[in-house]
file upload_24.txt (compact mmCIF, C-alpha atoms)
# COMPACT_ATOMS: atom_id res chain seq x y z
CA MET A 1071 54.77 1.99 103.28
CA ASP A 1072 51.76 4.25 103.48
CA LEU A 1073 49.11 4.68 100.82
CA ALA A 1074 50.61 7.91 99.48
CA GLU A 1075 53.94 6.15 98.99
CA ILE A 1076 52.25 3.22 97.23
CA ALA A 1077 50.40 5.64 94.97
CA ARG A 1078 53.63 7.48 94.15
CA ARG A 1079 55.36 4.23 93.25
CA LEU A 1080 52.50 3.29 90.98
CA GLU A 1081 52.75 6.70 89.31
CA LEU A 1082 56.46 6.22 88.68
CA GLU A 1083 55.80 2.72 87.36
CA THR A 1084 53.25 4.24 84.98
CA LEU A 1085 55.73 6.92 83.88
CA TYR A 1086 58.35 4.36 82.84
CA THR A 1087 55.83 1.99 81.31
CA ASP A 1088 54.35 4.79 79.19
CA TYR A 1089 57.83 5.99 78.25
CA ALA A 1090 58.77 2.52 76.97
CA ALA A 1091 55.47 2.14 75.13
CA CYS A 1092 55.99 5.48 73.40
CA LEU A 1093 59.40 4.52 72.04
CA ASP A 1094 58.50 0.92 71.24
CA THR A 1095 55.33 1.78 69.31
CA ASP A 1096 57.01 4.43 67.17
CA ALA A 1097 54.97 7.21 68.78
CA LEU A 1098 58.10 9.38 68.76
CA GLU A 1099 56.18 12.63 68.39
CA ARG A 1100 54.92 12.03 71.93
CA TRP A 1101 58.40 11.36 73.32
CA PRO A 1102 59.31 15.01 74.12
CA GLU A 1103 56.10 15.28 76.16
CA PHE A 1104 57.67 13.09 78.84
CA PHE A 1105 60.16 15.88 79.55
CA THR A 1106 60.03 19.37 81.03
CA GLU A 1107 60.62 22.33 78.73
CA ASP A 1108 64.14 22.95 80.05
CA CYS A 1109 65.02 19.28 80.38
CA HIS A 1110 68.44 17.70 79.99
CA TYR A 1111 68.63 14.44 78.07
CA ARG A 1112 71.84 12.57 77.41
CA VAL A 1113 72.85 9.13 76.18
CA THR A 1114 76.28 8.12 77.40
CA SER A 1115 78.32 5.07 78.43
CA ALA A 1116 79.09 3.89 81.96
CA GLU A 1117 82.74 4.52 81.12
CA ASN A 1118 82.13 8.20 80.36
CA TYR A 1119 79.67 8.56 83.22
CA GLU A 1120 82.00 7.13 85.83
CA ALA A 1121 84.93 9.19 84.56
CA GLY A 1122 82.78 12.32 84.85
CA LEU A 1123 83.12 13.02 81.12
CA PRO A 1124 80.31 15.21 79.86
CA LEU A 1125 79.87 13.81 76.33
CA GLY A 1126 76.47 12.64 75.14
CA LEU A 1127 75.85 10.57 72.00
CA ILE A 1128 72.56 12.38 72.08
CA TYR A 1129 72.75 15.60 74.07
CA ALA A 1130 69.78 17.90 74.48
CA THR A 1131 69.12 20.78 76.83
CA SER A 1132 65.52 21.52 75.97
CA GLN A 1133 62.27 19.80 75.04
CA ASN A 1134 62.45 21.51 71.62
CA MET A 1135 65.82 19.89 70.96
CA LEU A 1136 64.07 16.55 71.50
CA ARG A 1137 61.39 17.63 69.00
CA ASP A 1138 64.15 18.49 66.51
CA ARG A 1139 65.63 15.04 67.03
CA VAL A 1140 62.30 13.46 66.10
CA SER A 1141 61.88 15.71 63.04
CA ALA A 1142 65.34 14.74 61.82
CA LEU A 1143 64.60 11.03 62.30
CA ARG A 1144 61.37 11.39 60.37
CA ASP A 1145 62.53 13.64 57.54
CA ALA A 1146 66.31 13.79 57.23
CA ASN A 1147 68.18 10.79 58.57
CA ILE A 1148 68.42 7.52 56.69
CA TYR A 1149 68.38 4.23 58.58
CA GLU A 1150 66.87 0.78 58.20
CA PRO A 1151 63.39 0.18 59.58
CA GLN A 1152 63.76 -1.17 63.10
CA ARG A 1153 61.90 -1.48 66.34
CA TYR A 1154 62.88 -1.50 69.98
CA ARG A 1155 61.51 -3.49 72.88
CA HIS A 1156 62.32 -1.85 76.21
CA LEU A 1157 62.26 -3.88 79.39
CA ILE A 1158 62.45 -1.49 82.33
CA SER A 1159 62.70 -2.74 85.88
CA GLY A 1160 64.12 -1.98 89.30
CA ILE A 1161 62.73 1.53 89.55
CA ARG A 1162 64.42 2.96 92.60
CA ILE A 1163 64.02 6.28 94.37
CA GLU A 1164 67.54 7.38 95.24
CA ARG A 1165 66.85 10.74 96.77
CA GLU A 1166 63.96 13.02 97.52
CA ALA A 1167 63.82 16.78 97.41
CA VAL A 1168 60.87 19.13 97.41
CA GLY A 1169 58.83 18.31 94.32
CA MET A 1170 61.74 16.40 92.80
CA LEU A 1171 62.90 12.80 92.93
CA ASN A 1172 66.17 11.28 91.83
CA VAL A 1173 65.22 7.94 90.34
CA THR A 1174 67.22 5.16 88.73
CA ALA A 1175 65.86 2.27 86.68
CA ASN A 1176 67.39 -0.60 84.73
CA PHE A 1177 66.68 -1.15 81.07
CA LEU A 1178 67.27 -3.73 78.38
CA VAL A 1179 66.52 -2.92 74.76
CA VAL A 1180 66.13 -5.60 72.10
CA ARG A 1181 66.36 -4.22 68.56
CA THR A 1182 64.64 -6.02 65.70
CA MET A 1183 65.47 -5.11 62.10
CA GLN A 1184 63.17 -5.39 59.11
CA ASP A 1185 64.76 -8.70 58.04
CA GLY A 1186 63.94 -10.20 61.44
CA GLY A 1187 67.48 -9.97 62.79
CA MET A 1188 67.32 -9.38 66.52
CA ILE A 1189 70.04 -8.31 68.94
CA LEU A 1190 70.35 -7.24 72.54
CA PHE A 1191 71.04 -3.65 71.51
CA ALA A 1192 71.42 -1.88 74.83
CA ALA A 1193 71.58 -2.51 78.55
CA GLY A 1194 72.06 0.03 81.26
CA ARG A 1195 70.31 2.30 83.66
CA TYR A 1196 68.44 5.53 83.59
CA VAL A 1197 69.71 8.11 86.05
CA ASP A 1198 66.80 10.50 86.20
CA ARG A 1199 65.38 13.48 87.97
CA VAL A 1200 61.62 13.63 87.85
CA GLY A 1201 59.29 16.36 88.94
CA ARG A 1202 55.57 16.39 89.49
CA ALA A 1203 53.68 17.94 86.63
CA GLU A 1204 50.08 18.15 85.54
CA GLY A 1205 48.69 14.65 85.37
CA GLY A 1206 51.77 12.79 86.58
CA TRP A 1207 55.55 13.11 86.51
CA LYS A 1208 57.99 14.47 83.95
CA PHE A 1209 61.68 14.02 83.41
CA ALA A 1210 63.67 17.15 84.22
CA ARG A 1211 66.84 15.22 83.55
CA LYS A 1212 67.56 11.85 82.04
CA ASP A 1213 71.00 10.30 81.69
CA VAL A 1214 70.80 7.09 79.70
CA VAL A 1215 73.90 5.28 80.94
CA LEU A 1216 74.82 2.37 78.69
CA ASP A 1217 76.80 -0.50 80.21
CA SER A 1218 78.72 -0.99 76.95
CA ARG A 1219 80.72 1.60 75.07
CA GLN A 1220 79.79 -0.09 71.76
CA ILE A 1221 76.82 0.84 69.62
CA ASP A 1222 75.89 -1.61 66.90
CA THR A 1223 75.62 0.19 63.53
CA LEU A 1224 73.86 3.35 64.72
CA LEU A 1225 71.59 4.82 67.35
CA ALA A 1226 68.58 6.38 65.66
CA ILE A 1227 65.51 5.85 67.85
CA PRO A 1228 66.12 7.29 71.32
CA LEU A 1229 66.48 5.11 74.40
CA MET B 567 99.63 8.16 68.70
CA PHE B 568 101.20 6.70 65.59
CA GLY B 569 103.45 3.64 65.59
CA THR B 570 105.21 1.31 63.21
CA LEU B 571 107.10 -1.97 63.46
CA SER B 572 109.06 -1.22 60.31
CA ALA B 573 112.63 -0.01 60.61
CA ASP B 574 112.41 1.43 57.10
CA ALA B 575 109.42 3.68 57.77
CA PRO B 576 110.08 7.37 57.06
CA PRO B 577 109.83 9.88 59.92
CA LEU B 578 106.19 10.56 60.79
CA SER B 579 106.29 14.16 59.59
CA ASP B 580 107.65 13.04 56.20
CA TYR B 581 105.03 10.31 56.00
CA ILE B 582 102.18 12.72 56.68
CA GLY B 583 103.64 15.53 54.56
CA ASN B 584 103.50 19.28 54.99
CA ASP B 585 100.07 19.96 53.54
CA ILE B 586 98.13 17.36 55.54
CA GLY B 587 100.37 17.97 58.58
CA GLY B 588 99.45 21.64 58.46
CA ARG B 589 95.79 20.76 58.29
CA ILE B 590 96.13 18.56 61.37
CA GLY B 591 97.90 21.45 63.07
CA ARG B 592 95.16 23.96 62.26
CA VAL B 593 92.70 21.83 64.26
CA MET B 594 95.03 20.58 67.03
CA ARG B 595 96.10 24.02 68.11
CA GLY B 596 96.24 23.46 71.87
CA LYS B 597 96.50 20.86 74.58
CA PRO B 598 93.56 18.52 74.00
CA LYS B 599 91.00 17.70 76.68
CA ILE B 600 88.92 14.54 76.25
CA LEU B 601 85.17 15.16 76.44
CA GLY B 602 84.18 11.52 76.05
CA THR B 603 84.50 8.42 73.92
CA THR B 604 82.28 5.95 72.14
CA SER B 605 82.62 3.11 69.71
CA GLN B 606 80.54 1.97 66.81
CA ILE B 607 80.42 -1.50 65.29
CA LEU B 608 80.15 -1.35 61.50
CA HIS B 609 79.17 -4.46 59.58
CA ASN B 610 81.52 -3.86 56.73
CA ASN B 611 85.15 -4.10 55.73
CA TRP B 612 87.30 -1.30 57.17
CA LYS B 613 88.24 -0.06 53.70
CA LEU B 614 84.62 0.79 52.94
CA TYR B 615 84.63 3.19 55.86
CA ILE B 616 87.89 4.80 54.79
CA GLU B 617 86.56 5.19 51.25
CA ASN B 618 83.40 6.73 52.66
CA VAL B 619 85.49 9.23 54.63
CA LYS B 620 87.46 10.19 51.52
CA ASP B 621 84.52 10.37 49.16
CA THR B 622 83.10 13.86 48.87
CA TYR B 623 80.20 12.94 46.61
CA HIS B 624 78.10 10.99 49.08
CA ALA B 625 77.75 13.71 51.70
CA SER B 626 75.06 15.75 49.94
CA LEU B 627 73.26 12.59 48.81
CA LEU B 628 73.33 10.57 52.01
CA HIS B 629 73.67 13.06 54.83
CA THR B 630 70.61 15.18 54.32
CA PHE B 631 70.38 16.77 57.74
CA PHE B 632 72.18 20.01 56.89
CA THR B 633 70.36 20.50 53.62
CA THR B 634 66.91 19.42 54.87
CA PHE B 635 67.15 22.02 57.59
CA ARG B 636 68.91 24.43 55.15
CA ILE B 637 71.89 24.79 57.41
CA SER B 638 74.41 24.32 54.64
CA ARG B 639 73.86 24.42 50.91
CA LEU B 640 75.21 22.81 47.80
CA THR B 641 76.65 26.14 46.74
CA THR B 642 79.03 26.28 49.70
CA ALA B 643 82.70 26.62 48.72
CA GLY B 644 85.28 24.00 49.59
CA GLY B 645 87.95 21.68 48.28
CA VAL B 646 90.03 18.55 48.74
CA ALA B 647 93.72 18.34 49.52
CA ILE B 648 95.57 15.12 48.79
CA ALA B 649 99.03 14.32 50.13
CA GLU B 650 101.81 14.04 47.56
CA SER B 651 102.01 10.34 48.38
CA GLY B 652 98.30 10.01 47.61
CA ALA B 653 97.83 8.26 50.94
CA HIS B 654 96.18 10.97 53.03
CA HIS B 655 93.53 13.55 52.38
CA ALA B 656 91.62 16.48 53.78
CA SER B 657 88.30 17.73 52.46
CA TYR B 658 87.07 21.08 53.66
CA THR B 659 84.12 23.40 53.38
CA TYR B 660 83.88 27.12 53.99
CA GLY B 661 81.02 28.68 55.91
CA GLU B 662 80.52 31.32 53.25
CA GLN B 663 78.65 30.57 50.04
CA ARG B 664 79.16 30.94 46.36
CA GLY B 665 75.84 31.41 44.63
CA ASP B 666 72.47 32.22 46.08
CA ASN B 667 69.95 30.27 48.11
CA ALA B 668 67.50 29.86 45.23
CA THR B 669 70.15 28.18 43.07
CA SER B 670 71.02 25.88 45.95
CA ASP B 671 67.37 24.97 46.59
CA GLN B 672 66.86 24.24 42.90
CA LEU B 673 69.94 22.03 42.73
CA TYR B 674 68.97 20.19 45.83
CA SER B 675 65.34 19.66 44.90
CA GLU B 676 66.56 17.31 42.17
CA ILE B 677 68.19 15.13 44.83
CA HIS B 678 65.93 15.21 47.83
CA SER B 679 62.57 16.69 48.65
CA LEU B 680 62.86 20.01 50.41
CA HIS B 681 60.31 21.02 52.98
CA GLU B 682 59.03 24.55 52.80
CA ASP B 683 59.55 26.53 55.99
CA TYR B 684 61.20 23.58 57.61
CA GLY B 685 63.54 24.50 60.40
CA LEU B 686 64.87 23.57 63.81
CA LYS B 687 62.75 24.49 66.82
CA ASP B 688 65.82 25.01 68.98
CA PRO B 689 68.86 25.74 66.80
CA ARG B 690 71.03 26.74 69.76
CA PHE B 691 73.00 23.55 69.37
CA LEU B 692 74.38 24.86 66.09
CA ASP B 693 75.67 28.07 67.62
CA SER B 694 79.24 27.90 66.39
CA VAL B 695 82.25 30.19 66.29
CA ASP B 696 85.13 30.39 63.84
CA GLU B 697 87.66 29.37 66.49
CA ILE B 698 90.47 28.82 63.98
CA GLY B 699 89.77 32.03 62.11
CA ASP B 700 90.10 30.78 58.55
CA GLY B 701 86.40 30.40 57.74
CA ILE B 702 86.56 26.62 57.32
CA THR B 703 83.54 25.13 59.08
CA LEU B 704 84.12 21.52 58.16
CA GLN B 705 87.29 19.53 57.65
CA ILE B 706 87.49 15.76 57.38
CA LEU B 707 91.04 14.48 57.26
CA SER B 708 92.46 10.99 56.93
CA VAL B 709 95.97 9.62 57.42
CA PHE B 710 96.47 6.20 55.88
CA PRO B 711 95.62 3.64 56.97
CA ASN B 712 93.16 4.22 59.79
CA PHE B 713 93.26 7.69 61.33
CA VAL B 714 90.53 10.26 60.82
CA LEU B 715 90.43 13.75 62.30
CA GLN B 716 87.17 15.64 62.13
CA GLN B 717 86.28 19.28 62.60
CA ILE B 718 82.61 19.96 62.03
CA HIS B 719 81.99 23.48 63.24
CA ASN B 720 83.35 23.29 66.81
CA SER B 721 83.00 19.54 67.18
CA ILE B 722 86.43 17.96 67.04
CA ALA B 723 86.94 14.22 67.19
CA VAL B 724 89.49 11.58 66.36
CA ARG B 725 88.12 8.46 64.72
CA LEU B 726 90.18 5.29 64.78
CA VAL B 727 89.20 2.62 62.26
CA LEU B 728 89.92 -0.85 63.63
CA PRO B 729 89.43 -3.91 61.40
CA LYS B 730 87.71 -6.73 63.33
CA GLY B 731 87.48 -9.20 60.45
CA PRO B 732 86.69 -9.15 56.72
CA ASP B 733 83.19 -7.81 57.35
CA GLU B 734 83.36 -6.05 60.69
CA THR B 735 84.99 -2.82 61.77
CA GLU B 736 85.11 -0.98 65.06
CA LEU B 737 85.07 2.77 64.81
CA GLN B 738 86.42 4.36 67.98
CA TRP B 739 85.49 7.97 68.56
CA THR B 740 87.34 10.31 70.91
CA TYR B 741 85.73 13.73 71.22
CA ILE B 742 88.01 16.51 72.32
CA GLY B 743 88.17 20.10 73.31
CA PHE B 744 91.15 22.03 74.56
CA GLU B 745 92.49 22.81 78.03
CA ASP B 746 91.89 26.53 77.51
CA ASP B 747 88.22 26.13 76.51
CA ASP B 748 85.87 28.05 78.76
CA ALA B 749 82.53 26.61 79.95
CA VAL B 750 80.66 28.16 77.01
CA MET B 751 83.05 26.61 74.50
CA THR B 752 82.83 23.19 76.16
CA GLU B 753 79.03 23.35 76.11
CA ARG B 754 79.19 24.36 72.44
CA ARG B 755 81.33 21.32 71.62
CA LEU B 756 78.97 19.03 73.55
CA GLN B 757 75.96 20.43 71.71
CA GLN B 758 77.62 20.06 68.34
CA ALA B 759 78.68 16.50 69.16
CA ASN B 760 75.02 15.77 68.27
CA LEU B 761 76.13 16.06 64.66
CA VAL B 762 78.52 13.11 64.75
CA GLY B 763 79.02 9.70 66.29
CA PRO B 764 76.67 6.70 66.18
CA ALA B 765 73.63 8.94 66.79
CA GLY B 766 74.95 11.94 64.86
CA TYR B 767 72.55 14.00 62.80
CA VAL B 768 75.13 14.13 60.04
CA SER B 769 77.08 10.94 60.46
CA MET B 770 74.65 8.25 61.65
CA GLU B 771 74.11 7.07 58.08
CA ASP B 772 77.78 6.18 57.76
CA GLY B 773 77.15 3.44 60.31
CA ALA B 774 74.67 1.73 58.03
CA VAL B 775 75.76 2.51 54.49
CA GLY B 776 78.95 0.45 54.60
CA GLY B 777 76.87 -2.52 55.68
CA PHE B 778 74.49 -1.97 52.75
CA VAL B 779 77.42 -2.04 50.32
CA GLN B 780 78.98 -5.07 52.03
CA ARG B 781 75.72 -7.00 51.73
CA ALA B 782 75.17 -5.93 48.13
CA ILE B 783 78.61 -6.90 46.85
CA LYS B 784 78.54 -10.37 48.42
CA GLY B 785 76.19 -11.63 45.74
CA GLY B 786 78.12 -10.11 42.88
CA GLU B 787 81.78 -10.88 43.33
CA ASP B 788 82.21 -11.52 39.58
CA GLU B 789 80.35 -8.38 38.54
CA CYS B 790 81.96 -5.07 37.91
CA SER B 791 80.75 -1.53 37.65
CA VAL B 792 82.12 1.77 36.48
CA ILE B 793 81.60 5.06 38.23
CA GLU B 794 82.45 8.12 36.19
CA MET B 795 83.08 11.02 38.50
CA GLY B 796 81.21 14.05 37.23
CA GLY B 797 78.24 11.99 36.10
CA ARG B 798 77.64 9.55 33.29
CA GLU B 799 75.89 11.97 30.94
CA HIS B 800 78.59 14.54 31.49
CA ALA B 801 81.32 12.04 30.67
CA ARG B 802 79.49 10.76 27.58
CA LYS B 803 79.06 14.21 26.15
CA ARG B 804 82.63 15.09 26.84
CA ARG B 805 84.08 12.02 25.26
CA GLY B 806 81.51 11.69 22.52
CA ARG B 807 81.38 7.94 22.82
CA PRO B 808 78.89 5.45 24.25
CA ARG B 809 79.02 4.47 27.87
CA PRO B 810 81.45 1.68 28.71
CA GLN B 811 80.44 -1.96 28.78
CA CYS B 812 81.35 -4.19 31.67
CA ALA B 813 84.05 -6.54 30.39
CA ALA B 814 83.13 -9.47 32.59
CA SER B 815 79.38 -9.69 32.17
CA GLY B 816 78.55 -7.42 29.25
CA THR B 817 76.06 -5.45 31.33
CA PRO B 818 76.11 -1.69 31.17
CA GLY B 819 78.34 -0.06 33.72
CA GLY B 820 77.65 2.88 35.95
CA HIS B 821 75.19 1.20 38.30
call {"tool": "encode", "arguments": {"input": "upload_24.txt", "output": "structure tokens"}}
result
Amino acid sequence: MDLAEIARRLELETLYTDYAACLDTDALERWPEFFTEDCHYRVTSAENYEAGLPLGLIYATSQNMLRDRVSALRDANIYEPQRYRHLISGIRIEREAVGMLNVTANFLVVRTMQDGGMILFAAGRYVDRVGRAEGGWKFARKDVVLDSRQIDTLLAIPL
Amino acid sequence: MFGTLSADAPPLSDYIGNDIGGRIGRVMRGKPKILGTTSQILHNNWKLYIENVKDTYHASLLHTFFTTFRISRLTTAGGVAIAESGAHHASYTYGEQRGDNATSDQLYSEIHSLHEDYGLKDPRFLDSVDEIGDGITLQILSVFPNFVLQQIHNSIAVRLVLPKGPDETELQWTYIGFEDDDAVMTERRLQQANLVGPAGYVSMEDGAVGGFVQRAIKGGEDECSVIEMGGREHARKRRGRPRPQCAASGTPGGH
């Protein structure tokens, strides 16, 4: 592994670490900034993904749709105060193209409610396409593929 | 698929009835194509979810997405159909309005704060067409005991309500389109699926609210309350008598 490759891996590591920190510290207004303007973002289950079914529990085809999601969470939707803790590991470059990488990564999300109740809310993998942008990498596409088809109560904060 | 173990059950079409059957038919007008599935665990008794589906009052109070972003208004026309048996229902809303926007804003400002100039940055996901041609943009239909069919704009889904115990319910969602949908229509349905499901702009609250009620009633099994549809003040004026007292505890009703 040459130095450029090591640097690239560190950059990807930083991307995912920052992404998790953004969601876990309730800095949701920054969340769309991790994506390109014409990004695709989708939360789905492994069952749907493997069957080639296109449904997304959250389905966005632009960065502004992600901004709308955050506005709705802040000002329209009603849900109990809660926080996530993302553990992201196993970042893996699956395929390389010019200026683009197909990357997968595993995630676990623990959700803690205001009364202290804590559950393993989500496990799965990100199936991503990232492109180099100013000051790092951005997601051009992110499929959040959940191992389980079940969502406990509701999915408000993005994954 | 509907099934029964009873030999005495009436034929399905008789059980559902013509009115509700017709309203299923207006949505299921072609060969369905599954777009995807999901399931939601609700921490409440299954009947609370069914009551939520049938109740038309809570939508404008709890689901504030449409009104916050001024996509639909309180002055929109609609109605509720109830099967002759009383077992099944369909509530529906028309896209067109009765009344003006100012009246709607005024009505709604008493319920929820409205943001001036608040809108979606990318409203493409709400690009909908009147595919059925009758102007109804929203229809929520239930067949007793546990079948729900939803049409919200062009998002069509079947919800199956599965009891998992006294205080847990699994809600299984199957999102569909039709075999003759073109790519644009399929994309439209996928975009509008954002409105419903566990992460739905309009329906996510339904995942939590049943749990709130379940928790609240646990501590008050001997209490009772009275809800007067149309509002307490309205009912008092109409009847010209004081509000009812709770027989069991003597506390005022209507809470």
call {"tool": "closest_atom_pairs", "arguments": {"input": "upload_24.txt", "of": "chain B", "to": "chain A", "cutoff": "7 Å", "atoms": "only C-alpha atoms", "output": "Markdown table"}}
result
| residue | atom | partner | partner_atom | distance |
| --- | --- | --- | --- | --- |
| B:Leu601 | CA | A:Leu1125 | CA | 5.5 |
| B:Gly602 | CA | A:Leu1125 | CA | 4.9 |
| B:Thr603 | CA | A:Asn1118 | CA | 6.9 |
| B:Thr604 | CA | A:Arg1219 | CA | 5.5 |
| B:Ser605 | CA | A:Gln1220 | CA | 4.7 |
| B:Gln606 | CA | A:Ile1221 | CA | 4.8 |
| B:Ile607 | CA | A:Asp1222 | CA | 4.8 |
| B:Leu608 | CA | A:Thr1223 | CA | 5.2 |
| B:Thr630 | CA | A:Ala1146 | CA | 5.4 |
| B:Phe631 | CA | A:Ala1146 | CA | 5.1 |
| B:Thr634 | CA | A:Ala1146 | CA | 6.1 |
| B:Leu686 | CA | A:Asp1138 | CA | 5.8 |
| B:Lys687 | CA | A:Asn1134 | CA | 5.7 |
| B:Asp688 | CA | A:Met1135 | CA | 5.5 |
| B:Leu756 | CA | A:Leu1125 | CA | 6.0 |
| B:Gln757 | CA | A:Tyr1129 | CA | 6.3 |
| B:Asn760 | CA | A:Ile1128 | CA | 5.7 |
| B:Gly763 | CA | A:Leu1127 | CA | 6.6 |
| B:Pro764 | CA | A:Leu1224 | CA | 4.6 |
| B:Ala765 | CA | A:Leu1225 | CA | 4.6 |
| B:Tyr767 | CA | A:Asn1147 | CA | 6.9 |
| B:Met770 | CA | A:Leu1224 | CA | 5.8 |
| B:Glu771 | CA | A:Ile1148 | CA | 5.9 |
| B:Gly773 | CA | A:Thr1223 | CA | 4.8 |
| B:Ala774 | CA | A:Thr1223 | CA | 5.8 |
call {"tool": "atom_distance", "arguments": {"input": "upload_24.txt", "atom1": "CA of Arg1078 (chain A)", "atom2": "CA of Asn1172 (chain A)"}}
result
13.3 Å
call {"tool": "atom_distance", "arguments": {"input": "upload_24.txt", "atom1": "CA of Asp1217 (chain A)", "atom2": "CA of Arg1202 (chain A)"}}
result
28.7 Å
call {"tool": "residues_around", "arguments": {"input": "upload_24.txt", "residues": "Ser694 (chain B)", "least_positions_apart": "4", "cutoff": "9 Å", "atoms": "only C-alpha atoms", "output": "ChimeraX atom specification"}}
result
/B:690,703,719-720,754-755,758
call {"tool": "atom_distance", "arguments": {"input": "upload_24.txt", "atom1": "CA of Glu1075 (chain A)", "atom2": "CA of Ile1161 (chain A)"}}
result
13.7 Å
call {"tool": "residues_around", "arguments": {"input": "upload_24.txt", "residues": "Ala1210 (chain A)", "least_positions_apart": "4", "cutoff": "8 Å", "atoms": "only C-alpha atoms", "output": "ChimeraX atom specification"}}
result
/A:1105-1106,1108-1110,1198-1201
call {"tool": "residues_around", "arguments": {"input": "upload_24.txt", "residues": "Gly652 (chain B)", "least_positions_apart": "5", "cutoff": "12 Å", "atoms": "all atoms listed in the file", "output": "PDB file with C-alpha atoms, keeping the file's coordinate frame"}}
result
ATOM      1  CA  TYR B 581     105.030  10.310  56.000  1.00  0.00           C
ATOM      2  CA  ILE B 582     102.180  12.720  56.680  1.00  0.00           C
ATOM      3  CA  GLY B 583     103.640  15.530  54.560  1.00  0.00           C
ATOM      4  CA  ASP B 585     100.070  19.960  53.540  1.00  0.00           C
ATOM      5  CA  ILE B 586      98.130  17.360  55.540  1.00  0.00           C
ATOM      6  CA  LYS B 620      87.460  10.190  51.520  1.00  0.00           C
ATOM      7  CA  VAL B 646      90.030  18.550  48.740  1.00  0.00           C
ATOM      8  CA  ALA B 647      93.720  18.340  49.520  1.00  0.00           C
ATOM      9  CA  SER B 708      92.460  10.990  56.930  1.00  0.00           C
ATOM     10  CA  VAL B 709      95.970   9.620  57.420  1.00  0.00           C
ATOM     11  CA  PHE B 710      96.470   6.200  55.880  1.00  0.00           C
ATOM     12  CA  PRO B 711      95.620   3.640  56.970  1.00  0.00           C
TER      13      PRO B 711
END
